[in-house]
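Reviewing the structure listed below.
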Amino acid sequence: MDRFVYQSAPMRVLFGSGTLAELPAELERLSIARALVLTTPPQEQQGREIVARLGVRAAGLFAGATMHTPVDVTERAMAVVRDLNADGVVAVGGGSTTGLGKAIALRTDLPQVVVPTSYAGSEMTPILGETRDGLKTTQSSPKILPETVVYDVDLTLSLPPGLTATSGMNAIAHAVEALYARDRNPIISLMAEESIRVLARGLPAIVARPDDRDARSDALYGAWLAGTCLGAVGMALHHKLCHTLGGTFDLPHAETHTIVLPHAMAYNAPAVPDVAARIARALGAADAAQGLHDLARRLRAKLALRDIGMPEAGIDRAADLAVTNAYWNPRPLERGAIRDLIARAWAGEAPVTVPLV
Ligand code: NAD
């Protein structure tokens with residue numbers, strides 16, 4: 001076995017159905033007496049119910065979380081933290097709400113409890129992406145890592161099938177890139193393979209029957225494992241490409257990941273054939289890239305960047321940007337092949353594996 005470094009994150013995780021009932025006790029463990037509950041506007045009602053459940057341990061609700069963690073929203077939430085004298089935050093929702101909780105924790109070092117209701121995985125990472133004047137910057141700090149995560153399968157039952165599909169594919173993307181990460185290690189690889197296996201099993205069942213609790217449990221478990229992978233090892237071409245495409249053309253996060261992933265896999269597969277075989281095995285497919293494409297299709301997700309707002313003229317620009325800021329990838333970045341990959345993803349074509357030159 002190769003030498004490796006494995007570092008586990010200091011977090012406490014509760015997983016199951018009905019775990020939300022443990023929230024008051026979890027706040028007590030963290031000595032949080034006045035928690036500010038955070039949600040997006042569509043999840044405000046859920047936030048109100050949690051405030052009611054927490055009773056005197058809740059200081060109030062801020063239901064203004066939004067995509068890309070804009071700094072002006074964080075500043076409004078910070079004013080509420082001060083006004084209510086909150087001594088901790090409880091983020092209930094997807095990656096956007098988790099992002100707001102992290103932004104508050106970075107500024108205040110207050111303890112955070114996250115109750116994830118999507119499969120984004122942000123709750124498992126010490127990473128925060130913030131937007132100021134339309135510009136997104138990313139930073140990492142131990143202060144950003146939540147103290148406790150309460151996964152309650154019941155709260156994911158309301159995630160609509162479309163969001164379930166793309167959020168789940170976004171989670172699979174973390175696991176795929178963890179398997180060929182430069183700093184990969186055998187422990188994280190075990191988690192990554194298991195994550196792909198349970199998500200590939202759970203997601204189609206959820207799209208067929210959104211209230212299938214076993215399938216929901218599979219998906220949330222897989223998302224947790226995938227988030228752990230994202231927090232533990234470095235990502236490569238797929239994540240960089242999605243970051244570039246999302247930032248340049250203002251594309252939706254999880255849908256972009258869903259569309260690009262099979263193509264990024266096809267590009268990298270010849271450089272990491274063992275990993276590609278492992279991913280194919282986890283998907284129950286003959287080929288990793290085709291297996292990911294087929295899974296996205298079964299989930300009835302959009303398959304073309306042109307269908308989520310990317311202009312055709314952007315293909316060359318995206319290819320230039322993708323090779324401008326050099327970063328590590330298992331296969332060296334070849335502009336021509338990357339341009340072809342983006343063009344195929346733009347048109348919604350099947351992935352094509354290009355042999356190493
Ligand atoms: P999101 O948080 O924006 O959620 C999408 C919508 O779904 C929101 O309106 C939300 O309120 C709603 N929603 C969530 N769960 C629901 C449920 N159970 N029922 C009904 N509605 C529900 O999107 P996301 O895909 O969860 O997260 C994406 C964001 O997270 C991106 O901004 C991305 O950059 C960030 N992210 C960050 C990290 C990190 O490590 N920093 C990791 C992954 C994602």
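Simple scheme: letters A, B, ... for chains in structure tokens order, numbers from 1 for residues in each chain, numbers from 1 for ligands in the order shown.
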
- Residue set, segment 83-258 of chain A restricted to alpha helix (DSSP H), as a ChimeraX atom specification: /A:83-84,95-108,161-179,186-208,213-232,237-249,253-258

- What lies within 8 Å of Thr40 of chain A using only C-alpha atoms, ignoring chain neighbours under 4 positions off, as a count of residues only? 8

- Task: Write out as a ChimeraX atom specification each polymer residue whose atoms come within 12 Å of Met191 of chain A, counting only C-alpha atoms; drop sequence neighbours fewer than 2 positions from it.
- Result: /A:172,174-176,178-179,184-189,193-199,221-230,232-233,282

So that each row is one residue of chain A with an atom at most 6 Å from ligand 1, can you give its shortest atom pair and the distance in Å to one decimal, using only C-alpha atoms and all ligand atoms, rows by chain and rising number, as a tab-separated table?
residue	atom	partner	partner_atom_place_in_ligand_line	distance
A:Thr40	CA	ligand 1	11 (O)	4.8
A:Pro42	CA	ligand 1	11 (O)	5.3
A:Gln43	CA	ligand 1	11 (O)	5.2
A:Met67	CA	ligand 1	32 (O)	5.0
A:His68	CA	ligand 1	32 (O)	4.4
A:Gly93	CA	ligand 1	14 (C)	4.8
A:Gly94	CA	ligand 1	2 (O)	3.2
A:Gly95	CA	ligand 1	30 (O)	3.2
A:Ser96	CA	ligand 1	2 (O)	3.7
A:Thr97	CA	ligand 1	2 (O)	5.6
A:Thr117	CA	ligand 1	15 (N)	4.2
A:Ser118	CA	ligand 1	15 (N)	4.5
A:Ala120	CA	ligand 1	43 (C)	4.5
A:Gly121	CA	ligand 1	43 (C)	5.1
A:Ser122	CA	ligand 1	42 (C)	3.5
A:Thr125	CA	ligand 1	40 (O)	4.8
A:Ile127	CA	ligand 1	41 (N)	4.4
A:Leu128	CA	ligand 1	41 (N)	4.4
A:Gly129	CA	ligand 1	41 (N)	5.6
A:Leu155	CA	ligand 1	18 (N)	5.4
A:Thr156	CA	ligand 1	18 (N)	4.1
A:Ser158	CA	ligand 1	19 (N)	4.1
A:Leu159	CA	ligand 1	19 (N)	3.6
A:Ser167	CA	ligand 1	25 (O)	5.2
A:His253	CA	ligand 1	31 (C)	5.7
A:Ala254	CA	ligand 1	25 (O)	5.3

Closest contacts (segment 109-179 of chain A/segment 290-298 of chain A, max 9 Å, only C-alpha atoms) as JSON lines:
{"residue": "A:Ala165", "atom": "CA", "partner": "A:Ala296", "partner_atom": "CA", "distance": 7.5}
{"residue": "A:Thr166", "atom": "CA", "partner": "A:Ala296", "partner_atom": "CA", "distance": 8.1}
{"residue": "A:Met169", "atom": "CA", "partner": "A:Ala296", "partner_atom": "CA", "distance": 7.4}

- Note on the structure: Closest of A:Leu14, A:Leu190, A:Leu203, A:Val81 to Val114 of chain A, counting only C-alpha atoms, is A:Leu14

- Task: Excluding Thr74 of chain A and residues on its chain fewer than 5 positions from it, collect all residues at most 8 Å away from it, counting only C-alpha atoms, and give them as a ChimeraX atom specification.
- Result: /A:69,100,103-104

How would the residues just chosen look if you wrote them out with all heavy atoms as a compact mmCIF listing (two decimals), in the first residue's frame?
# COMPACT_ATOMS: atom_id res chain seq x y z
N THR A 69 -24.08 32.74 -0.86
CA THR A 69 -23.69 33.44 0.37
C THR A 69 -23.24 34.88 0.11
O THR A 69 -22.07 35.24 0.37
CB THR A 69 -22.57 32.65 1.12
OG1 THR A 69 -22.75 31.26 0.89
CG2 THR A 69 -22.60 32.92 2.61
N LEU A 100 -24.54 30.33 4.97
CA LEU A 100 -24.78 31.49 5.84
C LEU A 100 -24.33 31.19 7.27
O LEU A 100 -23.68 32.02 7.92
CB LEU A 100 -26.27 31.88 5.80
CG LEU A 100 -26.67 33.01 6.73
CD1 LEU A 100 -25.90 34.31 6.41
CD2 LEU A 100 -28.18 33.27 6.68
N ALA A 103 -20.66 31.45 7.39
CA ALA A 103 -20.19 32.84 7.29
C ALA A 103 -20.32 33.54 8.65
O ALA A 103 -19.44 34.32 9.05
CB ALA A 103 -20.99 33.59 6.23
N ILE A 104 -21.40 33.23 9.38
CA ILE A 104 -21.58 33.83 10.72
C ILE A 104 -20.53 33.26 11.68
O ILE A 104 -19.91 33.99 12.45
CB ILE A 104 -23.01 33.55 11.24
CG1 ILE A 104 -24.03 34.30 10.36
CG2 ILE A 104 -23.15 33.97 12.70
CD1 ILE A 104 -25.50 33.94 10.66

- Message: For a test of reading the model, state the distance in Å between atom CA of Cys242 of chain A and atom CA of Glu177 of chain A, rounded to one decimal.
- Response: 12.7 Å
